[in-house]
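A.B. asks: Input target-v3.cif, format and content: mmCIF, C-alpha atoms.
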```cif
data_entry
#
loop_
_atom_site.group_PDB
_atom_site.id
_atom_site.type_symbol
_atom_site.label_atom_id
_atom_site.label_comp_id
_atom_site.auth_asym_id
_atom_site.auth_seq_id
_atom_site.Cartn_x
_atom_site.Cartn_y
_atom_site.Cartn_z
ATOM 1 C CA MET W 223 169.080 158.062 56.170
ATOM 2 C CA VAL W 224 169.107 158.144 52.419
ATOM 3 C CA ARG W 225 169.587 161.903 52.404
ATOM 4 C CA GLU W 226 172.873 163.538 51.380
ATOM 5 C CA ARG W 227 172.398 167.201 52.033
ATOM 6 C CA ARG W 228 169.190 169.005 52.728
ATOM 7 C CA ASP W 229 168.533 172.208 50.848
ATOM 8 C CA LEU W 230 167.630 174.719 53.515
ATOM 9 C CA TYR W 231 166.884 177.592 51.176
ATOM 10 C CA SER W 232 163.336 178.674 50.690
ATOM 11 C CA LEU W 233 161.264 176.748 48.140
ATOM 12 C CA PRO W 234 158.031 177.840 46.529
ATOM 13 C CA ASP W 235 155.769 175.767 48.685
ATOM 14 C CA ALA W 236 157.794 175.293 51.876
ATOM 15 C CA PRO W 237 155.397 176.298 54.625
ATOM 16 C CA LEU W 238 158.098 176.272 57.284
ATOM 17 C CA ALA W 239 160.770 178.938 57.567
ATOM 18 C CA SER W 240 163.733 177.127 56.015
ATOM 19 C CA ARG W 241 166.113 180.017 55.616
ATOM 20 C CA CYS W 242 169.694 180.010 56.730
ATOM 21 C CA TYR W 243 169.376 182.351 59.680
ATOM 22 C CA SER W 244 171.303 180.716 62.430
ATOM 23 C CA HIS W 245 168.816 181.698 65.093
ATOM 24 C CA SER W 246 165.672 180.329 63.458
ATOM 25 C CA LYS W 247 164.145 176.919 63.826
ATOM 26 C CA VAL W 248 165.588 174.404 61.396
ATOM 27 C CA GLU W 249 163.279 171.652 60.201
ATOM 28 C CA THR W 250 164.411 168.228 61.323
ATOM 29 C CA ASP W 251 164.574 165.279 58.962
ATOM 30 C CA GLU W 252 161.549 163.714 60.636
ATOM 31 C CA GLU W 253 159.504 166.867 60.208
ATOM 32 C CA PHE W 254 160.500 167.087 56.563
ATOM 33 C CA ASP W 255 159.534 163.454 55.963
ATOM 34 C CA ALA W 256 156.262 163.833 57.839
ATOM 35 C CA ARG W 257 155.353 166.937 55.877
ATOM 36 C CA TRP W 258 155.845 165.197 52.567
ATOM 37 C CA VAL W 259 154.084 162.008 53.622
ATOM 38 C CA THR W 260 151.127 164.133 54.650
ATOM 39 C CA TYR W 261 151.220 166.011 51.368
ATOM 40 C CA PHE W 262 150.907 162.867 49.290
ATOM 41 C CA SER W 263 148.451 161.235 51.687
ATOM 42 C CA LYS W 264 145.713 163.719 50.906
ATOM 43 C CA PRO W 265 142.762 161.471 49.982
ATOM 44 C CA ASP W 266 141.491 163.690 47.177
ATOM 45 C CA ILE W 267 144.887 164.724 45.843
ATOM 46 C CA ASP W 268 144.656 165.781 42.220
ATOM 47 C CA ALA W 269 146.982 165.137 39.325
ATOM 48 C CA TRP W 270 148.457 168.616 39.385
ATOM 49 C CA GLU W 271 149.294 168.373 43.078
ATOM 50 C CA LEU W 272 150.957 165.024 42.541
ATOM 51 C CA LYS W 273 153.042 166.408 39.673
ATOM 52 C CA LYS W 274 153.902 169.571 41.554
ATOM 53 C CA GLY W 275 154.823 167.638 44.672
ATOM 54 C CA MET W 276 156.995 165.146 42.840
ATOM 55 C CA ASN W 277 158.742 167.739 40.703
ATOM 56 C CA THR W 278 159.501 169.834 43.778
ATOM 57 C CA LEU W 279 160.675 166.823 45.762
ATOM 58 C CA ILE W 280 162.936 165.707 42.950
ATOM 59 C CA GLY W 281 164.327 169.221 42.777
ATOM 60 C CA TYR W 282 165.743 168.892 46.293
ATOM 61 C CA ASP W 283 169.270 167.666 46.859
ATOM 62 C CA LEU W 284 168.227 164.407 48.478
ATOM 63 C CA VAL W 285 166.713 161.017 47.803
ATOM 64 C CA PRO W 286 163.272 160.773 49.437
ATOM 65 C CA GLU W 287 162.747 158.299 52.234
ATOM 66 C CA PRO W 288 160.862 155.119 51.348
ATOM 67 C CA LYS W 289 157.835 156.299 53.291
ATOM 68 C CA ILE W 290 157.557 159.422 51.183
ATOM 69 C CA VAL W 291 157.841 157.421 47.961
ATOM 70 C CA ASP W 292 155.275 154.960 49.350
ATOM 71 C CA SER W 293 152.858 157.801 49.989
ATOM 72 C CA ALA W 294 153.426 159.153 46.492
ATOM 73 C CA LEU W 295 152.857 155.734 44.905
ATOM 74 C CA ARG W 296 149.592 155.383 46.768
ATOM 75 C CA ALA W 297 148.601 158.801 45.487
ATOM 76 C CA CYS W 298 149.270 157.514 41.960
ATOM 77 C CA ARG W 299 146.984 154.581 42.698
ATOM 78 C CA ARG W 300 144.200 156.910 43.806
ATOM 79 C CA LEU W 301 144.671 158.822 40.566
ATOM 80 C CA ASN W 302 144.757 155.623 38.461
ATOM 81 C CA ASP W 303 148.160 156.642 37.094
ATOM 82 C CA LEU W 304 150.500 153.684 36.749
ATOM 83 C CA ALA W 305 152.841 155.535 34.388
ATOM 84 C CA SER W 306 153.619 158.147 37.024
ATOM 85 C CA ALA W 307 154.243 155.439 39.600
ATOM 86 C CA ILE W 308 156.873 153.829 37.394
ATOM 87 C CA ARG W 309 158.268 157.266 36.599
ATOM 88 C CA ILE W 310 158.668 158.035 40.292
ATOM 89 C CA LEU W 311 160.737 154.888 40.753
ATOM 90 C CA GLU W 312 162.921 155.871 37.810
ATOM 91 C CA ALA W 313 163.309 159.369 39.208
ATOM 92 C CA VAL W 314 164.461 158.289 42.655
ATOM 93 C CA LYS W 315 166.960 155.931 41.100
ATOM 94 C CA ASP W 316 168.248 158.820 39.014
ATOM 95 C CA LYS W 317 168.466 161.019 42.123
ATOM 96 C CA SER W 318 170.769 158.530 43.839
ATOM 97 C CA GLY W 319 173.385 159.346 41.273
ATOM 98 C CA PRO W 320 176.621 157.468 41.874
ATOM 99 C CA HIS W 321 175.359 155.892 45.125
ATOM 100 C CA LYS W 322 174.253 152.605 43.675
ATOM 101 C CA ASP W 323 173.146 151.105 46.963
ATOM 102 C CA ILE W 324 170.328 153.561 47.646
ATOM 103 C CA TYR W 325 167.890 152.380 44.987
ATOM 104 C CA PRO W 326 168.014 148.660 45.882
ATOM 105 C CA TYR W 327 167.383 149.665 49.490
ATOM 106 C CA LEU W 328 164.386 151.740 48.438
ATOM 107 C CA ILE W 329 162.951 148.920 46.337
ATOM 108 C CA GLN W 330 163.494 146.500 49.194
ATOM 109 C CA GLU W 331 161.575 148.759 51.563
ATOM 110 C CA LEU W 332 158.850 149.383 49.015
ATOM 111 C CA LYS W 333 158.426 145.753 47.916
ATOM 112 C CA PRO W 334 155.263 145.145 49.969
ATOM 113 C CA THR W 335 153.640 148.264 48.545
ATOM 114 C CA LEU W 336 154.729 147.450 45.000
ATOM 115 C CA THR W 337 153.245 143.971 45.265
ATOM 116 C CA GLU W 338 150.075 145.247 46.904
ATOM 117 C CA LEU W 339 149.441 147.866 44.260
ATOM 118 C CA GLY W 340 150.721 145.780 41.364
ATOM 119 C CA ILE W 341 153.412 148.277 40.355
ATOM 120 C CA SER W 342 156.271 146.804 38.348
ATOM 121 C CA THR W 343 159.695 148.296 38.746
ATOM 122 C CA PRO W 344 161.357 149.728 35.635
ATOM 123 C CA GLU W 345 163.838 146.859 35.817
ATOM 124 C CA GLU W 346 161.054 144.266 35.693
ATOM 125 C CA LEU W 347 159.691 145.956 32.597
ATOM 126 C CA GLY W 348 163.115 146.213 31.006
ATOM 127 C CA MET W 349 162.829 149.982 30.901
ATOM 128 C CA ASP W 350 166.177 150.586 32.512
ATOM 129 C CA LYS W 351 167.863 149.268 29.383
ATOM 130 C CA LEU W 352 167.902 151.114 26.116
ATOM 131 C CA MET K 192 161.536 188.164 46.816
ATOM 132 C CA LEU K 193 157.827 187.631 46.425
ATOM 133 C CA ALA K 194 157.657 190.240 43.694
ATOM 134 C CA THR K 195 160.413 188.621 41.627
ATOM 135 C CA ARG K 196 158.826 185.232 42.079
ATOM 136 C CA ALA K 197 155.468 186.597 41.018
ATOM 137 C CA LEU K 198 157.115 188.214 38.035
ATOM 138 C CA SER K 199 158.777 184.972 36.976
ATOM 139 C CA LEU K 200 155.442 183.153 37.300
ATOM 140 C CA VAL K 201 153.741 185.812 35.197
ATOM 141 C CA SER K 202 156.413 185.607 32.523
ATOM 142 C CA LYS K 203 156.137 181.820 32.477
ATOM 143 C CA ARG K 204 152.387 182.077 32.001
ATOM 144 C CA VAL K 205 152.888 184.639 29.242
ATOM 145 C CA ILE K 206 155.070 182.219 27.337
ATOM 146 C CA SER K 207 152.924 179.152 27.922
ATOM 147 C CA THR K 208 149.674 180.865 27.016
ATOM 148 C CA SER K 209 151.148 182.466 23.948
ATOM 149 C CA ILE K 210 152.302 179.113 22.619
ATOM 150 C CA CYS K 211 149.508 176.724 21.712
ATOM 151 C CA VAL K 212 150.103 173.682 23.901
ATOM 152 C CA ARG K 213 149.380 170.770 21.602
ATOM 153 C CA GLY K 214 150.319 167.164 22.065
ATOM 154 C CA GLY K 215 153.328 167.815 24.263
ATOM 155 C CA HIS K 216 155.732 167.393 21.360
ATOM 156 C CA GLY K 217 158.131 170.090 22.484
ATOM 157 C CA VAL K 218 155.642 172.886 21.899
ATOM 158 C CA ALA K 219 154.841 173.298 25.571
ATOM 159 C CA LYS K 220 157.384 175.179 27.608
ATOM 160 C CA VAL K 221 159.510 172.624 29.405
ATOM 161 C CA ASP K 222 161.076 173.441 32.764
ATOM 162 C CA ASP K 223 164.538 172.299 33.633
ATOM 163 C CA TYR K 224 164.121 168.863 35.058
ATOM 164 C CA ASN K 225 160.638 167.684 35.790
ATOM 165 C CA PRO K 226 160.122 163.957 35.942
ATOM 166 C CA LEU K 227 156.362 164.465 35.693
ATOM 167 C CA PRO K 228 155.793 166.917 32.862
ATOM 168 C CA ASP K 229 152.656 169.023 32.606
ATOM 169 C CA VAL K 230 151.409 167.661 29.342
ATOM 170 C CA ARG K 231 151.027 163.969 28.655
ATOM 171 C CA PHE K 232 153.002 162.805 25.624
ATOM 172 C CA VAL K 233 150.101 161.316 23.703
ATOM 173 C CA THR K 234 146.988 163.429 24.076
ATOM 174 C CA ASP K 235 144.838 161.889 21.348
ATOM 175 C CA LEU K 236 144.324 158.329 22.451
ATOM 176 C CA SER K 237 143.506 155.568 20.028
ATOM 177 C CA PRO K 238 140.603 153.294 20.979
ATOM 178 C CA VAL K 239 143.087 150.651 22.152
ATOM 179 C CA GLN K 240 144.803 153.199 24.347
ATOM 180 C CA LYS K 241 141.463 154.428 25.666
ATOM 181 C CA SER K 242 140.449 150.937 26.709
ATOM 182 C CA LEU K 243 143.841 150.489 28.324
ATOM 183 C CA LYS K 244 143.282 153.653 30.305
ATOM 184 C CA GLU K 245 139.970 152.222 31.469
ATOM 185 C CA LYS K 246 141.693 149.028 32.523
ATOM 186 C CA GLU K 247 144.185 151.114 34.461
ATOM 187 C CA LYS K 248 141.382 152.132 36.805
ATOM 188 C CA GLY K 249 141.168 148.569 38.036
ATOM 189 C CA SER K 250 143.838 146.485 39.708
ATOM 190 C CA TRP K 251 147.261 147.019 38.208
ATOM 191 C CA ALA K 252 148.270 143.467 38.960
ATOM 192 C CA THR K 253 146.021 142.313 36.095
ATOM 193 C CA LEU K 254 147.978 144.354 33.560
ATOM 194 C CA SER K 255 150.601 142.566 31.536
ATOM 195 C CA ASN K 256 154.116 143.983 31.264
ATOM 196 C CA ASP K 257 153.445 145.146 27.725
ATOM 197 C CA GLU K 258 150.314 146.966 28.840
ATOM 198 C CA LYS K 259 152.248 148.685 31.611
ATOM 199 C CA ILE K 260 154.908 149.754 29.158
ATOM 200 C CA ALA K 261 152.195 150.986 26.786
ATOM 201 C CA LEU K 262 150.662 153.068 29.584
ATOM 202 C CA TYR K 263 154.078 154.517 30.363
ATOM 203 C CA ARG K 264 154.645 155.435 26.725
ATOM 204 C CA ILE K 265 151.281 157.189 26.534
ATOM 205 C CA SER K 266 152.378 159.536 29.268
ATOM 206 C CA PHE K 267 156.076 159.898 28.595
ATOM 207 C CA LYS K 268 158.071 160.257 25.433
ATOM 208 C CA LYS K 269 161.371 158.902 26.721
ATOM 209 C CA SER K 270 162.259 156.726 29.650
ATOM 210 C CA PHE K 271 164.954 157.889 32.032
ATOM 211 C CA ALA K 272 167.450 155.579 30.403
ATOM 212 C CA GLU K 273 166.689 157.063 26.992
ATOM 213 C CA MET K 274 166.705 160.606 28.370
ATOM 214 C CA ASN K 275 170.033 160.269 30.090
ATOM 215 C CA LYS K 276 171.953 158.360 27.498
ATOM 216 C CA GLY K 277 174.949 160.155 26.146
ATOM 217 C CA SER K 278 175.627 160.806 22.532
ATOM 218 C CA ASN K 279 178.712 160.573 20.370
ATOM 219 C CA GLU K 280 178.656 164.282 19.739
ATOM 220 C CA TRP K 281 181.910 164.821 21.601
ATOM 221 C CA LYS K 282 183.765 162.924 18.918
ATOM 222 C CA SER K 283 182.524 165.374 16.291
ATOM 223 C CA VAL K 284 183.527 168.248 18.528
ATOM 224 C CA VAL K 285 187.079 166.980 19.053
ATOM 225 C CA ALA K 286 187.396 166.160 15.358
ATOM 226 C CA GLY K 287 186.267 169.661 14.469
ATOM 227 C CA MET K 288 188.704 171.161 16.943
ATOM 228 C CA LEU K 289 191.649 169.206 15.577
ATOM 229 C CA PHE K 290 190.642 170.023 12.030
ATOM 230 C CA PHE K 291 190.577 173.748 12.650
ATOM 231 C CA ILE K 292 193.830 173.625 14.582
ATOM 232 C CA GLY K 293 195.286 171.896 11.549
ATOM 233 C CA VAL K 294 193.948 174.551 9.204
ATOM 234 C CA THR K 295 195.469 177.188 11.461
ATOM 235 C CA GLY K 296 198.795 175.383 11.209
ATOM 236 C CA LEU K 297 198.612 175.482 7.423
ATOM 237 C CA VAL K 298 197.798 179.177 7.520
ATOM 238 C CA VAL K 299 200.822 179.816 9.728
ATOM 239 C CA LEU K 300 203.128 177.892 7.394
ATOM 240 C CA TRP K 301 201.793 179.732 4.376
ATOM 241 C CA GLN K 302 202.311 183.028 6.176
ATOM 242 C CA ARG K 303 205.909 182.192 6.940
ATOM 243 C CA LYS K 304 206.592 181.510 3.286
ATOM 244 C CA PHE K 305 204.596 184.188 1.569
ATOM 245 C CA VAL K 306 203.980 186.968 4.029
ATOM 246 C CA TYR K 307 206.938 187.406 6.291
ATOM 247 C CA GLY K 308 210.192 188.824 4.972
ATOM 248 C CA PRO K 309 213.557 187.222 5.683
ATOM 249 C CA VAL K 310 214.768 186.860 9.245
ATOM 250 C CA PRO K 311 217.399 189.489 10.230
ATOM 251 C CA PRO K 312 221.098 188.580 9.762
ATOM 252 C CA THR K 313 221.597 188.700 13.496
ATOM 253 C CA PHE K 314 220.133 185.213 13.732
ATOM 254 C CA GLU K 315 222.794 183.549 11.618
ATOM 255 C CA THR K 316 225.028 181.082 13.424
ATOM 256 C CA GLU K 317 228.201 182.916 12.565
ATOM 257 C CA TRP K 318 226.784 186.178 13.842
ATOM 258 C CA LYS K 319 225.629 184.490 17.066
ATOM 259 C CA GLU K 320 229.050 183.031 17.650
ATOM 260 C CA LYS K 321 230.646 186.443 17.309
ATOM 261 C CA GLU K 322 227.967 187.873 19.622
ATOM 262 C CA LEU K 323 228.734 185.293 22.279
ATOM 263 C CA GLN K 324 232.477 185.839 21.961
ATOM 264 C CA ARG K 325 231.953 189.578 22.437
ATOM 265 C CA MET K 326 229.880 188.932 25.553
ATOM 266 C CA LEU K 327 232.564 186.705 27.003
ATOM 267 C CA ASP K 328 235.240 189.283 26.174
ATOM 268 C CA MET K 329 233.212 191.906 28.010
ATOM 269 C CA ARG K 330 232.867 189.543 30.996
ATOM 270 C CA ILE K 331 229.061 189.761 30.952
ATOM 271 C CA ASN K 332 227.598 188.434 34.236
ATOM 272 C CA PRO K 333 230.977 187.200 35.538
ATOM 273 C CA VAL K 334 229.794 186.210 38.992
ATOM 274 C CA GLU K 335 226.960 183.799 38.413
ATOM 275 C CA GLY K 336 226.029 184.213 34.752
ATOM 276 C CA ILE K 337 227.461 183.348 31.394
ATOM 277 C CA SER K 338 231.088 184.473 31.892
ATOM 278 C CA ALA K 339 231.253 182.581 35.149
ATOM 279 C CA LYS K 340 230.537 179.393 33.253
ATOM 280 C CA TRP K 341 233.296 179.974 30.713
ATOM 281 C CA ASP K 342 236.780 178.665 31.379
ATOM 282 C CA TYR K 343 239.045 181.440 30.062
ATOM 283 C CA GLU K 344 242.243 179.379 30.484
ATOM 284 C CA ASN K 345 241.156 176.466 28.382
ATOM 285 C CA LYS K 346 238.823 178.418 26.097
ATOM 286 C CA GLU K 347 235.885 176.114 26.724
ATOM 287 C CA TRP K 348 232.806 175.841 28.887
ATOM 288 C CA LYS K 349 233.465 174.841 32.459
ATOM 289 C CA LYS K 350 232.593 171.288 33.220
#
```
Starting from the file, give its structure as structure tokens.
C.D. replies:
Amino acid sequence: MVRERRDLYSLPDAPLASRCYSHSKVETDEEFDARWVTYFSKPDIDAWELKKGMNTLIGYDLVPEPKIVDSALRACRRLNDLASAIRILEAVKDKSGPHKDIYPYLIQELKPTLTELGISTPEELGMDKL
Amino acid sequence: MLATRALSLVSKRVISTSICVRGGHGVAKVDDYNPLPDVRFVTDLSPVQKSLKEKEKGSWATLSNDEKIALYRISFKKSFAEMNKGSNEWKSVVAGMLFFIGVTGLVVLWQRKFVYGPVPPTFETEWKEKELQRMLDMRINPVEGISAKWDYENKEWKK
């Protein structure tokens, strides 16, 4: 699990009841992941939805699972937006904060997708340096 | 909850529609931390950039590294590394702090010389000695305090 702490408070587009009442149903990690994978897998996703989804996801106190990032990268491909794909990789690295082992793990899991879609990592492009 | 959220959305729209959103150069209202901003950095594309955008619709594997970087720069002003880099501003801040503390010190010294009158005579050493002798004579705090520490036989402090 690459997640640190899940934010259970209500978010603008959370369809499930994620409030901190102790008697209500709490969303499991798998449900959370599945929801986001589905969100980005929409075949006719538009640029706004991609932006909104990513900005919301990055706002959470967690690093997204590789499968969510994979789904988002494929959405970028459908939208012909390479810049956003690279940006997403930068963003998840930034989200890992001091945990330096999360990003290499993510890249390792995403390698097949990155090769398939022809996405270069920020490191390959030298964009992680100043 | 819904009402306040609706209100905040309305106020955001008020601000963003009242400011002409041009070219994304800081004119558009920027939310706290959005990796994918609303407005692309470069909105007027040069012919080279336009053809690059066309090429982007094909396979990305055919793009060179420079082309990929160029595409990134069209959309985003700064990379994460550039965004997050620190500055040397703190040095100026500390320098300013120390400077003003120094100025304050000078003001205090000047005040002592030119503003305050002389210190009362009760602070003179001779006066203090007589004060202490009087206290010892009166046996002030003889149990655990000052007189208890004085050796009256030998007229000195107890060891």
A.B. asks: Determine the nearest neighbour of chain K from the options W:Pro326, W:Gly348, W:Pro334, W:Gly340, counting only C-alpha atoms.
C.D. replies: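 Nearest to chain K: W:Gly340.
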A.B. asks: Would you mind listing, as a count of residues only, all residues of chain W that have at least one atom within 6 Å of chain K, where all atoms listed in the file are what counts?
C.D. replies: 6
A.B. asks: I'd like to see the residues matched by the PyMOL selection byres ((chain W and resi 287-291) around 10) on this file, and ideally I'd get them as a PyMOL selection string.
C.D. replies: chain W and resi 223-225+251+254-263+276+279+284-286+292-297+307+310-311+314+325+327-332
A.B. asks: Using Å and a single decimal, report how far CA of Lys319 in chain K sits from CA of Tyr307 in chain K.
C.D. replies: 21.8 Å
A.B. asks: Figure out the distance between CA of Ser306 in chain W and CA of Ser237 in chain K, please, to one decimal in Å.
C.D. replies: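 Computing the Euclidean distance for CA of Ser237 in chain K and CA of Ser306 in chain W yields 19.9 Å.
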A.B. asks: CA of Pro311 in chain K and CA of Val294 in chain K, how far apart in Å?
C.D. replies: 27.8 Å
A.B. asks: Kindly complete range 317-327 of chain K to all heavy atoms; the output should be written as a CSV table (one decimal), in the frame of the given file.
C.D. replies:
```
chain,number,residue,atom,x,y,z
K,317,GLU,N,226.9,182.2,12.5
K,317,GLU,CA,228.2,182.9,12.6
K,317,GLU,C,228.1,184.2,13.4
K,317,GLU,O,228.9,184.5,14.2
K,317,GLU,CB,228.6,183.3,11.1
K,317,GLU,CG,230.1,183.2,10.9
K,317,GLU,CD,230.5,183.8,9.6
K,317,GLU,OE1,230.1,183.1,8.6
K,317,GLU,OE2,231.0,184.9,9.5
K,318,TRP,N,227.0,184.9,13.1
K,318,TRP,CA,226.8,186.2,13.8
K,318,TRP,C,226.6,185.9,15.3
K,318,TRP,O,227.2,186.6,16.2
K,318,TRP,CB,225.5,186.8,13.3
K,318,TRP,CG,225.3,188.2,13.8
K,318,TRP,CD1,225.0,188.6,15.1
K,318,TRP,CD2,225.3,189.4,13.0
K,318,TRP,NE1,224.8,189.9,15.1
K,318,TRP,CE2,225.0,190.5,13.9
K,318,TRP,CE3,225.6,189.7,11.7
K,318,TRP,CZ2,225.0,191.8,13.5
K,318,TRP,CZ3,225.6,191.0,11.3
K,318,TRP,CH2,225.3,192.1,12.2
K,319,LYS,N,225.9,184.8,15.7
K,319,LYS,CA,225.6,184.5,17.1
K,319,LYS,C,226.9,184.1,17.8
K,319,LYS,O,227.1,184.4,18.9
K,319,LYS,CB,224.6,183.3,17.2
K,319,LYS,CG,223.2,183.7,16.9
K,319,LYS,CD,222.7,184.6,18.0
K,319,LYS,CE,221.3,185.0,17.9
K,319,LYS,NZ,220.9,186.2,18.6
K,320,GLU,N,227.8,183.4,17.0
K,320,GLU,CA,229.0,183.0,17.6
K,320,GLU,C,229.9,184.3,18.0
K,320,GLU,O,230.4,184.4,19.1
K,320,GLU,CB,229.8,182.1,16.7
K,320,GLU,CG,229.3,180.7,16.6
K,320,GLU,CD,230.0,179.9,15.5
K,320,GLU,OE1,230.8,180.5,14.8
K,320,GLU,OE2,229.7,178.7,15.5
K,321,LYS,N,229.9,185.2,17.0
K,321,LYS,CA,230.6,186.4,17.3
K,321,LYS,C,230.0,187.2,18.5
K,321,LYS,O,230.7,187.8,19.3
K,321,LYS,CB,230.7,187.3,16.0
K,321,LYS,CG,231.5,186.8,14.9
K,321,LYS,CD,231.5,187.7,13.7
K,321,LYS,CE,232.2,187.1,12.6
K,321,LYS,NZ,231.9,187.8,11.3
K,322,GLU,N,228.7,187.2,18.5
K,322,GLU,CA,228.0,187.9,19.6
K,322,GLU,C,228.4,187.3,21.0
K,322,GLU,O,228.7,188.0,21.9
K,322,GLU,CB,226.5,187.6,19.4
K,322,GLU,CG,225.6,188.8,19.8
K,322,GLU,CD,224.1,188.5,19.5
K,322,GLU,OE1,223.5,187.7,20.2
K,322,GLU,OE2,223.7,189.1,18.5
K,323,LEU,N,228.4,186.0,21.0
K,323,LEU,CA,228.7,185.3,22.3
K,323,LEU,C,230.2,185.6,22.7
K,323,LEU,O,230.5,185.9,23.8
K,323,LEU,CB,228.5,183.8,22.1
K,323,LEU,CG,228.9,182.9,23.3
K,323,LEU,CD1,228.2,183.4,24.6
K,323,LEU,CD2,228.6,181.5,23.0
K,324,GLN,N,231.1,185.6,21.7
K,324,GLN,CA,232.5,185.8,22.0
K,324,GLN,C,232.7,187.2,22.5
K,324,GLN,O,233.4,187.5,23.5
K,324,GLN,CB,233.3,185.7,20.7
K,324,GLN,CG,234.8,185.9,20.9
K,324,GLN,CD,235.3,184.8,21.8
K,324,GLN,OE1,235.2,183.6,21.6
K,324,GLN,NE2,235.9,185.3,22.9
K,325,ARG,N,231.9,188.2,22.0
K,325,ARG,CA,232.0,189.6,22.4
K,325,ARG,C,231.5,189.7,23.9
K,325,ARG,O,232.1,190.4,24.7
K,325,ARG,CB,231.1,190.4,21.5
K,325,ARG,CG,231.2,191.9,21.8
K,325,ARG,CD,230.6,192.7,20.6
K,325,ARG,NE,230.6,194.1,21.0
K,325,ARG,CZ,229.5,194.8,21.6
K,325,ARG,NH1,228.4,194.1,21.8
K,325,ARG,NH2,229.6,196.1,21.8
K,326,MET,N,230.4,188.9,24.2
K,326,MET,CA,229.9,188.9,25.6
K,326,MET,C,230.9,188.4,26.5
K,326,MET,O,231.1,188.9,27.6
K,326,MET,CB,228.6,188.1,25.6
K,326,MET,CG,227.4,188.8,25.1
K,326,MET,SD,226.0,187.7,24.9
K,326,MET,CE,225.6,187.3,26.6
K,327,LEU,N,231.6,187.3,26.1
K,327,LEU,CA,232.6,186.7,27.0
K,327,LEU,C,233.7,187.7,27.2
K,327,LEU,O,234.3,187.8,28.3
K,327,LEU,CB,233.0,185.4,26.4
K,327,LEU,CG,232.0,184.3,26.4
K,327,LEU,CD1,232.5,183.0,25.7
K,327,LEU,CD2,231.6,183.8,27.9
```
